[in-house]
$ cat target-v4.cif   # mmCIF, C-alpha atoms (C1' of nucleotides); chains and numbers go by the auth columns
data_run
loop_
_atom_site.group_PDB
_atom_site.id
_atom_site.type_symbol
_atom_site.label_atom_id
_atom_site.label_comp_id
_atom_site.label_asym_id
_atom_site.label_seq_id
_atom_site.Cartn_x
_atom_site.Cartn_y
_atom_site.Cartn_z
_atom_site.B_iso_or_equiv
_atom_site.auth_seq_id
_atom_site.auth_asym_id
ATOM 1 C CA MET A 1 -37.024 90.779 71.539 0.00 1 O
ATOM 2 C CA THR A 2 -40.157 89.931 73.467 0.00 2 O
ATOM 3 C CA ILE A 3 -43.460 91.648 74.123 0.00 3 O
ATOM 4 C CA LYS A 4 -45.515 91.434 77.304 0.00 4 O
ATOM 5 C CA LEU A 5 -49.249 91.075 76.725 0.00 5 O
ATOM 6 C CA ASN A 6 -52.140 89.725 78.706 0.00 6 O
ATOM 7 C CA LYS A 7 -53.735 86.557 77.406 0.00 7 O
ATOM 8 C CA GLU A 8 -56.613 88.272 75.628 0.00 8 O
ATOM 9 C CA GLU A 9 -54.278 90.601 73.773 0.00 9 O
ATOM 10 C CA LYS A 10 -52.081 87.675 72.907 0.00 10 O
ATOM 11 C CA VAL A 11 -55.033 85.826 71.378 0.00 11 O
ATOM 12 C CA GLU A 12 -55.836 88.815 69.165 0.00 12 O
ATOM 13 C CA LYS A 13 -52.225 89.038 68.008 0.00 13 O
ATOM 14 C CA LEU A 14 -52.143 85.319 67.321 0.00 14 O
ATOM 15 C CA VAL A 15 -55.318 85.503 65.261 0.00 15 O
ATOM 16 C CA GLU A 16 -53.573 88.045 63.017 0.00 16 O
ATOM 17 C CA LEU A 17 -50.385 86.015 62.738 0.00 17 O
ATOM 18 C CA PHE A 18 -52.083 82.668 62.234 0.00 18 O
ATOM 19 C CA SER A 19 -54.475 83.955 59.575 0.00 19 O
ATOM 20 C CA GLU A 20 -51.536 85.366 57.621 0.00 20 O
ATOM 21 C CA ASN A 21 -49.490 82.177 57.844 0.00 21 O
ATOM 22 C CA TYR A 22 -52.243 79.545 57.675 0.00 22 O
ATOM 23 C CA PRO A 23 -54.931 81.136 55.485 0.00 23 O
ATOM 24 C CA GLU A 24 -57.160 78.082 55.063 0.00 24 O
ATOM 25 C CA PRO A 25 -57.442 76.093 58.276 0.00 25 O
ATOM 26 C CA GLY A 26 -59.604 73.014 58.638 0.00 26 O
ATOM 27 C CA THR A 27 -60.266 72.305 54.997 0.00 27 O
ATOM 28 C CA ALA A 28 -61.473 68.783 55.747 0.00 28 O
ATOM 29 C CA LEU A 29 -64.313 69.990 57.924 0.00 29 O
ATOM 30 C CA LYS A 30 -65.679 73.079 56.248 0.00 30 O
ATOM 31 C CA HIS A 31 -68.836 73.272 54.199 0.00 31 O
ATOM 32 C CA LYS A 32 -70.176 69.938 55.308 0.00 32 O
ATOM 33 C CA SER A 33 -73.440 68.736 56.779 0.00 33 O
ATOM 34 C CA SER A 34 -73.320 67.678 60.419 0.00 34 O
ATOM 35 C CA PHE A 35 -73.293 64.057 59.286 0.00 35 O
ATOM 36 C CA GLU A 36 -70.419 64.499 56.850 0.00 36 O
ATOM 37 C CA LEU A 37 -68.580 66.507 59.464 0.00 37 O
ATOM 38 C CA LEU A 38 -68.995 63.676 61.954 0.00 38 O
ATOM 39 C CA ILE A 39 -67.689 61.061 59.531 0.00 39 O
ATOM 40 C CA ALA A 40 -64.780 63.251 58.406 0.00 40 O
ATOM 41 C CA THR A 41 -63.849 63.859 62.030 0.00 41 O
ATOM 42 C CA ILE A 42 -63.897 60.158 62.886 0.00 42 O
ATOM 43 C CA LEU A 43 -61.630 59.600 59.904 0.00 43 O
ATOM 44 C CA SER A 44 -59.250 62.341 60.994 0.00 44 O
ATOM 45 C CA ALA A 45 -57.853 60.489 64.008 0.00 45 O
ATOM 46 C CA GLN A 46 -54.058 60.178 63.766 0.00 46 O
ATOM 47 C CA THR A 47 -53.924 61.666 60.283 0.00 47 O
ATOM 48 C CA THR A 48 -54.157 64.988 58.454 0.00 48 O
ATOM 49 C CA ASP A 49 -56.830 67.031 56.708 0.00 49 O
ATOM 50 C CA VAL A 50 -55.061 66.432 53.426 0.00 50 O
ATOM 51 C CA GLN A 51 -55.380 62.680 53.857 0.00 51 O
ATOM 52 C CA VAL A 52 -58.990 62.888 54.975 0.00 52 O
ATOM 53 C CA ASN A 53 -59.909 65.055 52.000 0.00 53 O
ATOM 54 C CA LYS A 54 -58.545 62.473 49.586 0.00 54 O
ATOM 55 C CA VAL A 55 -61.054 59.970 50.929 0.00 55 O
ATOM 56 C CA THR A 56 -64.129 62.054 51.700 0.00 56 O
ATOM 57 C CA LYS A 57 -64.209 63.994 48.443 0.00 57 O
ATOM 58 C CA GLU A 58 -65.122 60.859 46.532 0.00 58 O
ATOM 59 C CA LEU A 59 -67.036 59.114 49.310 0.00 59 O
ATOM 60 C CA PHE A 60 -69.496 61.939 49.965 0.00 60 O
ATOM 61 C CA LYS A 61 -70.449 62.236 46.302 0.00 61 O
ATOM 62 C CA LYS A 62 -72.585 59.121 46.643 0.00 62 O
ATOM 63 C CA TYR A 63 -72.865 58.487 50.357 0.00 63 O
ATOM 64 C CA ASN A 64 -74.008 61.336 52.562 0.00 64 O
ATOM 65 C CA THR A 65 -76.518 59.828 54.962 0.00 65 O
ATOM 66 C CA PRO A 66 -76.317 56.924 57.446 0.00 66 O
ATOM 67 C CA GLN A 67 -78.641 54.942 55.192 0.00 67 O
ATOM 68 C CA ASP A 68 -76.308 55.426 52.232 0.00 68 O
ATOM 69 C CA LEU A 69 -73.193 54.288 54.056 0.00 69 O
ATOM 70 C CA LEU A 70 -74.948 51.246 55.485 0.00 70 O
ATOM 71 C CA LYS A 71 -75.441 50.001 51.921 0.00 71 O
ATOM 72 C CA LEU A 72 -71.723 49.277 51.983 0.00 72 O
ATOM 73 C CA SER A 73 -70.240 46.209 53.602 0.00 73 O
ATOM 74 C CA GLN A 74 -67.333 46.765 55.949 0.00 74 O
ATOM 75 C CA LYS A 75 -64.953 45.413 53.320 0.00 75 O
ATOM 76 C CA GLU A 76 -66.340 47.762 50.694 0.00 76 O
ATOM 77 C CA LEU A 77 -66.007 50.770 52.966 0.00 77 O
ATOM 78 C CA GLU A 78 -62.495 49.722 53.944 0.00 78 O
ATOM 79 C CA LYS A 79 -61.536 49.697 50.296 0.00 79 O
ATOM 80 C CA LYS A 80 -62.839 53.245 49.825 0.00 80 O
ATOM 81 C CA ILE A 81 -60.833 54.629 52.723 0.00 81 O
ATOM 82 C CA ASN A 82 -57.723 52.478 52.710 0.00 82 O
ATOM 83 C CA SER A 83 -55.417 55.276 51.622 0.00 83 O
ATOM 84 C CA ILE A 84 -55.430 56.593 55.187 0.00 84 O
ATOM 85 C CA GLY A 85 -54.150 54.901 58.307 0.00 85 O
ATOM 86 C CA LEU A 86 -56.190 52.837 60.777 0.00 86 O
ATOM 87 C CA TYR A 87 -58.758 52.284 58.032 0.00 87 O
ATOM 88 C CA ARG A 88 -60.108 48.951 59.231 0.00 88 O
ATOM 89 C CA ASN A 89 -61.014 50.342 62.628 0.00 89 O
ATOM 90 C CA LYS A 90 -62.423 53.486 61.104 0.00 90 O
ATOM 91 C CA ALA A 91 -64.648 51.564 58.683 0.00 91 O
ATOM 92 C CA LYS A 92 -65.953 49.523 61.593 0.00 92 O
ATOM 93 C CA TYR A 93 -66.573 52.609 63.745 0.00 93 O
ATOM 94 C CA ILE A 94 -68.339 54.445 60.946 0.00 94 O
ATOM 95 C CA LEU A 95 -70.763 51.636 60.121 0.00 95 O
ATOM 96 C CA LYS A 96 -71.525 51.077 63.784 0.00 96 O
ATOM 97 C CA THR A 97 -72.079 54.796 64.255 0.00 97 O
ATOM 98 C CA CYS A 98 -74.476 54.895 61.283 0.00 98 O
ATOM 99 C CA ARG A 99 -76.434 52.033 62.814 0.00 99 O
ATOM 100 C CA ILE A 100 -76.662 53.821 66.172 0.00 100 O
ATOM 101 C CA LEU A 101 -77.715 57.069 64.484 0.00 101 O
ATOM 102 C CA LEU A 102 -80.622 55.289 62.824 0.00 102 O
ATOM 103 C CA ASP A 103 -81.601 53.168 65.817 0.00 103 O
ATOM 104 C CA GLU A 104 -81.324 55.768 68.562 0.00 104 O
ATOM 105 C CA PHE A 105 -81.230 59.239 67.011 0.00 105 O
ATOM 106 C CA LYS A 106 -83.650 59.070 64.085 0.00 106 O
ATOM 107 C CA GLY A 107 -80.769 59.290 61.641 0.00 107 O
ATOM 108 C CA LYS A 108 -79.669 62.696 62.880 0.00 108 O
ATOM 109 C CA VAL A 109 -76.403 63.699 64.528 0.00 109 O
ATOM 110 C CA PRO A 110 -77.123 64.384 68.216 0.00 110 O
ATOM 111 C CA GLU A 111 -76.312 67.814 69.628 0.00 111 O
ATOM 112 C CA THR A 112 -75.062 66.993 73.109 0.00 112 O
ATOM 113 C CA ARG A 113 -71.714 65.656 74.186 0.00 113 O
ATOM 114 C CA LYS A 114 -73.265 62.865 76.221 0.00 114 O
ATOM 115 C CA GLU A 115 -75.140 61.535 73.203 0.00 115 O
ATOM 116 C CA LEU A 116 -72.229 61.972 70.804 0.00 116 O
ATOM 117 C CA LEU A 117 -70.046 59.893 73.111 0.00 117 O
ATOM 118 C CA LYS A 118 -72.422 56.965 72.613 0.00 118 O
ATOM 119 C CA LEU A 119 -71.319 56.773 68.985 0.00 119 O
ATOM 120 C CA SER A 120 -68.484 54.507 67.898 0.00 120 O
ATOM 121 C CA GLY A 121 -65.141 56.141 67.176 0.00 121 O
ATOM 122 C CA VAL A 122 -66.225 59.336 68.898 0.00 122 O
ATOM 123 C CA GLY A 123 -64.262 60.436 71.962 0.00 123 O
ATOM 124 C CA ARG A 124 -64.021 63.776 73.711 0.00 124 O
ATOM 125 C CA LYS A 125 -62.005 65.461 70.983 0.00 125 O
ATOM 126 C CA THR A 126 -64.241 64.332 68.108 0.00 126 O
ATOM 127 C CA ALA A 127 -67.347 65.186 70.098 0.00 127 O
ATOM 128 C CA ASN A 128 -66.086 68.699 70.718 0.00 128 O
ATOM 129 C CA VAL A 129 -65.117 69.197 67.088 0.00 129 O
ATOM 130 C CA VAL A 130 -68.634 68.263 65.986 0.00 130 O
ATOM 131 C CA LEU A 131 -70.297 70.363 68.683 0.00 131 O
ATOM 132 C CA ALA A 132 -68.145 73.402 67.924 0.00 132 O
ATOM 133 C CA ASN A 133 -68.215 73.150 64.129 0.00 133 O
ATOM 134 C CA ALA A 134 -71.732 71.949 63.483 0.00 134 O
ATOM 135 C CA PHE A 135 -73.669 73.364 66.397 0.00 135 O
ATOM 136 C CA SER A 136 -71.533 76.213 67.792 0.00 136 O
ATOM 137 C CA LYS A 137 -71.716 74.610 71.210 0.00 137 O
ATOM 138 C CA ALA A 138 -69.789 73.154 74.113 0.00 138 O
ATOM 139 C CA ALA A 139 -66.045 73.263 74.458 0.00 139 O
ATOM 140 C CA PHE A 140 -62.830 73.990 72.600 0.00 140 O
ATOM 141 C CA PRO A 141 -61.465 70.734 71.125 0.00 141 O
ATOM 142 C CA VAL A 142 -58.144 69.717 72.664 0.00 142 O
ATOM 143 C CA ASP A 143 -55.807 67.193 71.094 0.00 143 O
ATOM 144 C CA THR A 144 -52.109 66.581 71.646 0.00 144 O
ATOM 145 C CA HIS A 145 -51.009 69.507 69.456 0.00 145 O
ATOM 146 C CA VAL A 146 -53.498 71.922 70.960 0.00 146 O
ATOM 147 C CA PHE A 147 -52.484 70.849 74.448 0.00 147 O
ATOM 148 C CA ARG A 148 -48.763 71.346 73.810 0.00 148 O
ATOM 149 C CA VAL A 149 -48.831 74.494 71.654 0.00 149 O
ATOM 150 C CA SER A 150 -51.309 76.405 73.802 0.00 150 O
ATOM 151 C CA GLU A 151 -49.250 75.594 76.892 0.00 151 O
ATOM 152 C CA ARG A 152 -46.041 76.781 75.265 0.00 152 O
ATOM 153 C CA LEU A 153 -47.646 79.997 74.091 0.00 153 O
ATOM 154 C CA GLY A 154 -48.902 80.608 77.613 0.00 154 O
ATOM 155 C CA LEU A 155 -52.591 80.351 76.733 0.00 155 O
ATOM 156 C CA SER A 156 -53.145 77.351 79.021 0.00 156 O
ATOM 157 C CA SER A 157 -51.569 75.826 82.108 0.00 157 O
ATOM 158 C CA GLY A 158 -50.713 72.468 80.567 0.00 158 O
ATOM 159 C CA LYS A 159 -52.010 70.760 83.700 0.00 159 O
ATOM 160 C CA ASN A 160 -54.266 68.213 82.005 0.00 160 O
ATOM 161 C CA VAL A 161 -56.750 67.951 79.128 0.00 161 O
ATOM 162 C CA ASP A 162 -59.780 68.794 81.270 0.00 162 O
ATOM 163 C CA GLN A 163 -58.196 71.954 82.598 0.00 163 O
ATOM 164 C CA THR A 164 -56.835 72.967 79.177 0.00 164 O
ATOM 165 C CA GLU A 165 -60.234 72.528 77.588 0.00 165 O
ATOM 166 C CA LYS A 166 -61.770 74.739 80.258 0.00 166 O
ATOM 167 C CA GLU A 167 -59.109 77.426 79.965 0.00 167 O
ATOM 168 C CA LEU A 168 -59.223 77.656 76.175 0.00 168 O
ATOM 169 C CA THR A 169 -63.017 77.607 76.137 0.00 169 O
ATOM 170 C CA GLU A 170 -63.029 80.680 78.353 0.00 170 O
ATOM 171 C CA LEU A 171 -60.087 82.430 76.733 0.00 171 O
ATOM 172 C CA ILE A 172 -60.707 81.970 72.996 0.00 172 O
ATOM 173 C CA PRO A 173 -63.733 83.871 71.642 0.00 173 O
ATOM 174 C CA LYS A 174 -66.192 81.384 70.213 0.00 174 O
ATOM 175 C CA LYS A 175 -66.034 82.915 66.753 0.00 175 O
ATOM 176 C CA TYR A 176 -62.388 81.846 66.571 0.00 176 O
ATOM 177 C CA TRP A 177 -62.774 78.315 67.942 0.00 177 O
ATOM 178 C CA ILE A 178 -62.830 76.486 64.656 0.00 178 O
ATOM 179 C CA ASP A 179 -59.985 78.326 62.988 0.00 179 O
ATOM 180 C CA PHE A 180 -57.921 78.567 66.154 0.00 180 O
ATOM 181 C CA HIS A 181 -58.175 74.848 66.712 0.00 181 O
ATOM 182 C CA HIS A 182 -56.787 74.151 63.260 0.00 182 O
ATOM 183 C CA TRP A 183 -54.165 76.844 63.521 0.00 183 O
ATOM 184 C CA LEU A 184 -52.769 75.300 66.694 0.00 184 O
ATOM 185 C CA ILE A 185 -52.693 71.911 65.003 0.00 185 O
ATOM 186 C CA ASP A 186 -51.052 73.216 61.827 0.00 186 O
ATOM 187 C CA HIS A 187 -48.528 75.109 63.905 0.00 187 O
ATOM 188 C CA GLY A 188 -47.850 72.077 66.083 0.00 188 O
ATOM 189 C CA ARG A 189 -46.959 70.049 63.024 0.00 189 O
ATOM 190 C CA ALA A 190 -45.015 72.577 61.013 0.00 190 O
ATOM 191 C CA ILE A 191 -43.085 74.486 63.671 0.00 191 O
ATOM 192 C CA CYS A 192 -44.055 73.948 67.298 0.00 192 O
ATOM 193 C CA LYS A 193 -43.174 70.261 67.188 0.00 193 O
ATOM 194 C CA ALA A 194 -43.143 68.066 70.270 0.00 194 O
ATOM 195 C CA GLN A 195 -39.413 67.439 69.861 0.00 195 O
ATOM 196 C CA ASN A 196 -37.061 70.159 68.675 0.00 196 O
ATOM 197 C CA PRO A 197 -39.552 72.962 68.012 0.00 197 O
ATOM 198 C CA ASP A 198 -38.342 75.247 65.256 0.00 198 O
ATOM 199 C CA CYS A 199 -38.474 78.482 67.281 0.00 199 O
ATOM 200 C CA GLU A 200 -36.023 80.231 64.972 0.00 200 O
ATOM 201 C CA ASN A 201 -38.584 80.110 62.176 0.00 201 O
ATOM 202 C CA CYS A 202 -41.644 80.750 64.357 0.00 202 O
ATOM 203 C CA PHE A 203 -43.593 83.931 63.611 0.00 203 O
ATOM 204 C CA ALA A 204 -44.984 83.930 67.153 0.00 204 O
ATOM 205 C CA SER A 205 -41.814 83.482 69.181 0.00 205 O
ATOM 206 C CA HIS A 206 -41.844 87.141 70.280 0.00 206 O
ATOM 207 C CA LEU A 207 -44.983 86.446 72.316 0.00 207 O
ATOM 208 C CA CYS A 208 -44.266 82.850 73.342 0.00 208 O
ATOM 209 C CA ARG A 209 -43.748 81.898 76.988 0.00 209 O
ATOM 210 C CA TYR A 210 -41.783 78.787 76.087 0.00 210 O
ATOM 211 C CA TYR A 211 -39.389 80.749 73.870 0.00 211 O
ATOM 212 C CA GLN A 212 -38.884 83.429 76.502 0.00 212 O
ATOM 213 C CA ASN A 213 -37.938 80.839 79.098 0.00 213 O
ATOM 214 C CA LYS A 214 -35.699 78.932 76.739 0.00 214 O
ATOM 215 C "C1'" DA B 1 -52.287 51.719 82.042 0.00 215 D
ATOM 216 C "C1'" DA B 2 -50.571 49.457 78.185 0.00 216 D
ATOM 217 C "C1'" DC B 3 -51.562 47.833 73.682 0.00 217 D
ATOM 218 C "C1'" DT B 4 -53.376 48.127 68.898 0.00 218 D
ATOM 219 C "C1'" DC B 5 -54.499 49.933 64.560 0.00 219 D
ATOM 220 C "C1'" DG B 6 -51.609 51.890 59.677 0.00 220 D
ATOM 221 C "C1'" DG B 7 -50.368 54.771 55.650 0.00 221 D
ATOM 222 C "C1'" DG B 8 -47.794 58.773 55.083 0.00 222 D
ATOM 223 C "C1'" DG B 9 -44.317 62.274 56.379 0.00 223 D
ATOM 224 C "C1'" DC B 10 -39.901 63.163 57.503 0.00 224 D
ATOM 225 C "C1'" DA B 11 -34.918 62.500 59.154 0.00 225 D
ATOM 226 C "C1'" DT C 1 -35.365 52.486 56.202 0.00 226 Y
ATOM 227 C "C1'" DG C 2 -36.959 53.340 60.574 0.00 227 Y
ATOM 228 C "C1'" DC C 3 -39.430 56.305 63.658 0.00 228 Y
ATOM 229 C "C1'" DC C 4 -43.450 58.876 64.799 0.00 229 Y
ATOM 230 C "C1'" DC C 5 -48.229 60.308 64.652 0.00 230 Y
ATOM 231 C "C1'" DA C 6 -54.214 65.625 63.695 0.00 231 Y
ATOM 232 C "C1'" DG C 7 -57.597 59.191 68.954 0.00 232 Y
ATOM 233 C "C1'" DA C 8 -60.418 55.795 70.389 0.00 233 Y
ATOM 234 C "C1'" DG C 9 -61.500 51.001 71.682 0.00 234 Y
ATOM 235 C "C1'" DT C 10 -60.069 46.875 73.906 0.00 235 Y
ATOM 236 C "C1'" DT C 11 -57.809 43.995 77.386 0.00 236 Y
#
$ encode --input "target-v4.cif" --output "structure tokens"
Amino acid sequence: MTIKLNKEEKVEKLVELFSENYPEPGTALKHKSSFELLIATILSAQTTDVQVNKVTKELFKKYNTPQDLLKLSQKELEKKINSIGLYRNKAKYILKTCRILLDEFKGKVPETRKELLKLSGVGRKTANVVLANAFSKAAFPVDTHVFRVSERLGLSSGKNVDQTEKELTELIPKKYWIDFHHWLIDHGRAICKAQNPDCENCFASHLCRYYQNK
DNA sequence: AACTCGGGGCA
DNA sequence: TGCCCAGAGTT
């Protein structure tokens, strides 16, 4: 049983389905200052919101500016975040980023992609997350899950990251960017896995290109 | 373009 | 118990 829809209609349907099945997307990034959002996003590489929340909840109680975090040595910061993976690198990136924020950006998180990419531990995905979440700007953030799941659903071509970013930026209404990003990630983990996607238990299979061509 | 970081999730 | 990973920097 499949339904034919154009992409825009499909997005609307998916918004309904995703919001029912994943009611609280992006818990690690919501209700944060642009600085806390930046740090939480750097920490989120190769791990989950749940893991990031464990660390940031305590960390941001006392340290919520670049000046605050720079009071910590790298070892001290490592100890505060060592329950998540890649913590040595992340501690190093974060302290370096705080230093750059103070030296070059007057302690404030910059609002352009070019400037964000000067920070340590910030690549195209992290830059887009910050721009979209904190400043409602720029492009839809694309990571491996977003790339794969949006291609399977037929929302993007799957050609490359540049093209996918462009396609989703045009297709997804801006008001849905933040939630949609997290929905695609949640879905990519739980059901639409890279290997052996669990299509039998997928609530969106009736409008999925991948499933139809299976 | 390949390698590295890393604790947690899951088979 | 081993395999894989919600990226980015380094070589």
$ residues_around --input "target-v4.cif" --residues "Lys90 of chain O" --least-positions-apart "5" --cutoff "8 Å" --atoms "only C-alpha atoms (C1' of nucleotides)" --output "list in words"
Ile42, Leu43 and Gly121 of chain O
$ interface_residues --input "target-v4.cif" --of "chain Y" --to "chain O" --cutoff "12 Å" --atoms "all atoms listed in the file" --output "VMD selection string"
chain Y and resid 229 to 235
$ resolve_selection --input "target-v4.cif" --expression "the PyMOL selection byres ((chain O) within 9 of (chain D))" --output "PyMOL selection string"
chain O and resi 47+51+82-89
$ closest_residue --input "target-v4.cif" --among "O:Ala132, O:Leu59, O:Leu171, O:Ala190" --to "Lys79 of chain O" --atoms "all atoms listed in the file"
O:Leu59
$ atom_distance --input "target-v4.cif" --atom1 "atom CA of Ser150 of chain O" --atom2 "atom CA of Leu184 of chain O"
7.3 Å
$ resolve_selection --input "target-v4.cif" --expression "the PyMOL selection byres ((chain O and resi 204) around 10)" --output "NGL selection string"
:O and (2 or 10 or 13-14 or 17-18 or 153 or 199-203 or 205-208 or 211)
$ resolve_selection --input "target-v4.cif" --expression "the PyMOL selection byres ((chain O and resi 100) around 12)" --output "PyMOL selection string"
chain O and resi 66-67+70+93-99+101-110+115-121
$ closest_residue --input "target-v4.cif" --among "O:Leu38, O:Val149, O:Leu69, O:Leu77" --to "Val55 of chain O" --atoms "all atoms listed in the file"
O:Leu77
$ atom_distance --input "target-v4.cif" --atom1 "atom CA of Val52 of chain O" --atom2 "atom CA of Phe180 of chain O"
19.3 Å
$ atom_distance --input "target-v4.cif" --atom1 "atom CA of Val161 of chain O" --atom2 "atom CA of Glu9 of chain O"
23.4 Å
$ build_atoms --input "target-v4.cif" --residues "segment 25-33 of chain O" --atoms "all heavy atoms" --output "PDB file, in the coordinates of the input"
ATOM      1  N   PRO O  25     -57.448  77.170  57.288  1.00  0.00           N
ATOM      2  CA  PRO O  25     -57.442  76.093  58.276  1.00  0.00           C
ATOM      3  C   PRO O  25     -58.656  75.193  58.166  1.00  0.00           C
ATOM      4  O   PRO O  25     -59.731  75.609  57.756  1.00  0.00           O
ATOM      5  CB  PRO O  25     -57.476  76.856  59.608  1.00  0.00           C
ATOM      6  CG  PRO O  25     -58.182  78.128  59.281  1.00  0.00           C
ATOM      7  CD  PRO O  25     -57.810  78.459  57.874  1.00  0.00           C
ATOM      8  N   GLY O  26     -58.464  73.920  58.522  1.00  0.00           N
ATOM      9  CA  GLY O  26     -59.604  73.014  58.638  1.00  0.00           C
ATOM     10  C   GLY O  26     -60.343  72.703  57.366  1.00  0.00           C
ATOM     11  O   GLY O  26     -61.560  72.586  57.355  1.00  0.00           O
ATOM     12  N   THR O  27     -59.612  72.507  56.291  1.00  0.00           N
ATOM     13  CA  THR O  27     -60.266  72.305  54.997  1.00  0.00           C
ATOM     14  C   THR O  27     -61.079  71.017  54.942  1.00  0.00           C
ATOM     15  O   THR O  27     -62.006  70.914  54.149  1.00  0.00           O
ATOM     16  CB  THR O  27     -59.233  72.270  53.858  1.00  0.00           C
ATOM     17  OG1 THR O  27     -58.241  71.286  54.170  1.00  0.00           O
ATOM     18  CG2 THR O  27     -58.586  73.615  53.697  1.00  0.00           C
ATOM     19  N   ALA O  28     -60.751  70.060  55.799  1.00  0.00           N
ATOM     20  CA  ALA O  28     -61.473  68.783  55.747  1.00  0.00           C
ATOM     21  C   ALA O  28     -62.866  68.898  56.359  1.00  0.00           C
ATOM     22  O   ALA O  28     -63.716  68.060  56.117  1.00  0.00           O
ATOM     23  CB  ALA O  28     -60.690  67.688  56.459  1.00  0.00           C
ATOM     24  N   LEU O  29     -63.076  69.927  57.160  1.00  0.00           N
ATOM     25  CA  LEU O  29     -64.313  69.990  57.924  1.00  0.00           C
ATOM     26  C   LEU O  29     -65.270  71.074  57.470  1.00  0.00           C
ATOM     27  O   LEU O  29     -66.421  71.107  57.881  1.00  0.00           O
ATOM     28  CB  LEU O  29     -63.983  70.213  59.409  1.00  0.00           C
ATOM     29  CG  LEU O  29     -63.019  69.200  60.031  1.00  0.00           C
ATOM     30  CD1 LEU O  29     -62.822  69.495  61.496  1.00  0.00           C
ATOM     31  CD2 LEU O  29     -63.543  67.788  59.843  1.00  0.00           C
ATOM     32  N   LYS O  30     -64.827  71.954  56.607  1.00  0.00           N
ATOM     33  CA  LYS O  30     -65.679  73.079  56.248  1.00  0.00           C
ATOM     34  C   LYS O  30     -66.702  72.720  55.174  1.00  0.00           C
ATOM     35  O   LYS O  30     -66.482  71.850  54.357  1.00  0.00           O
ATOM     36  CB  LYS O  30     -64.810  74.252  55.771  1.00  0.00           C
ATOM     37  CG  LYS O  30     -64.048  74.852  56.945  1.00  0.00           C
ATOM     38  CD  LYS O  30     -63.517  76.219  56.628  1.00  0.00           C
ATOM     39  CE  LYS O  30     -62.999  76.871  57.912  1.00  0.00           C
ATOM     40  NZ  LYS O  30     -62.317  78.131  57.682  1.00  0.00           N
ATOM     41  N   HIS O  31     -67.780  73.426  55.201  1.00  0.00           N
ATOM     42  CA  HIS O  31     -68.836  73.272  54.199  1.00  0.00           C
ATOM     43  C   HIS O  31     -69.370  71.863  54.128  1.00  0.00           C
ATOM     44  O   HIS O  31     -69.540  71.293  53.069  1.00  0.00           O
ATOM     45  CB  HIS O  31     -68.327  73.704  52.812  1.00  0.00           C
ATOM     46  CG  HIS O  31     -67.614  75.011  52.823  1.00  0.00           C
ATOM     47  ND1 HIS O  31     -68.208  76.186  53.241  1.00  0.00           N
ATOM     48  CD2 HIS O  31     -66.337  75.333  52.522  1.00  0.00           C
ATOM     49  CE1 HIS O  31     -67.336  77.173  53.153  1.00  0.00           C
ATOM     50  NE2 HIS O  31     -66.192  76.684  52.732  1.00  0.00           N
ATOM     51  N   LYS O  32     -69.617  71.279  55.286  1.00  0.00           N
ATOM     52  CA  LYS O  32     -70.176  69.938  55.308  1.00  0.00           C
ATOM     53  C   LYS O  32     -71.428  69.909  56.191  1.00  0.00           C
ATOM     54  O   LYS O  32     -71.563  70.697  57.118  1.00  0.00           O
ATOM     55  CB  LYS O  32     -69.143  68.954  55.869  1.00  0.00           C
ATOM     56  CG  LYS O  32     -67.974  68.683  54.933  1.00  0.00           C
ATOM     57  CD  LYS O  32     -67.099  67.596  55.501  1.00  0.00           C
ATOM     58  CE  LYS O  32     -65.942  67.210  54.597  1.00  0.00           C
ATOM     59  NZ  LYS O  32     -65.720  67.977  53.409  1.00  0.00           N
ATOM     60  N   SER O  33     -72.298  68.958  55.894  1.00  0.00           N
ATOM     61  CA  SER O  33     -73.440  68.736  56.779  1.00  0.00           C
ATOM     62  C   SER O  33     -72.923  68.178  58.095  1.00  0.00           C
ATOM     63  O   SER O  33     -71.783  67.725  58.181  1.00  0.00           O
ATOM     64  CB  SER O  33     -74.394  67.728  56.137  1.00  0.00           C
ATOM     65  OG  SER O  33     -73.784  66.451  56.089  1.00  0.00           O
TER      66      SER O  33
END
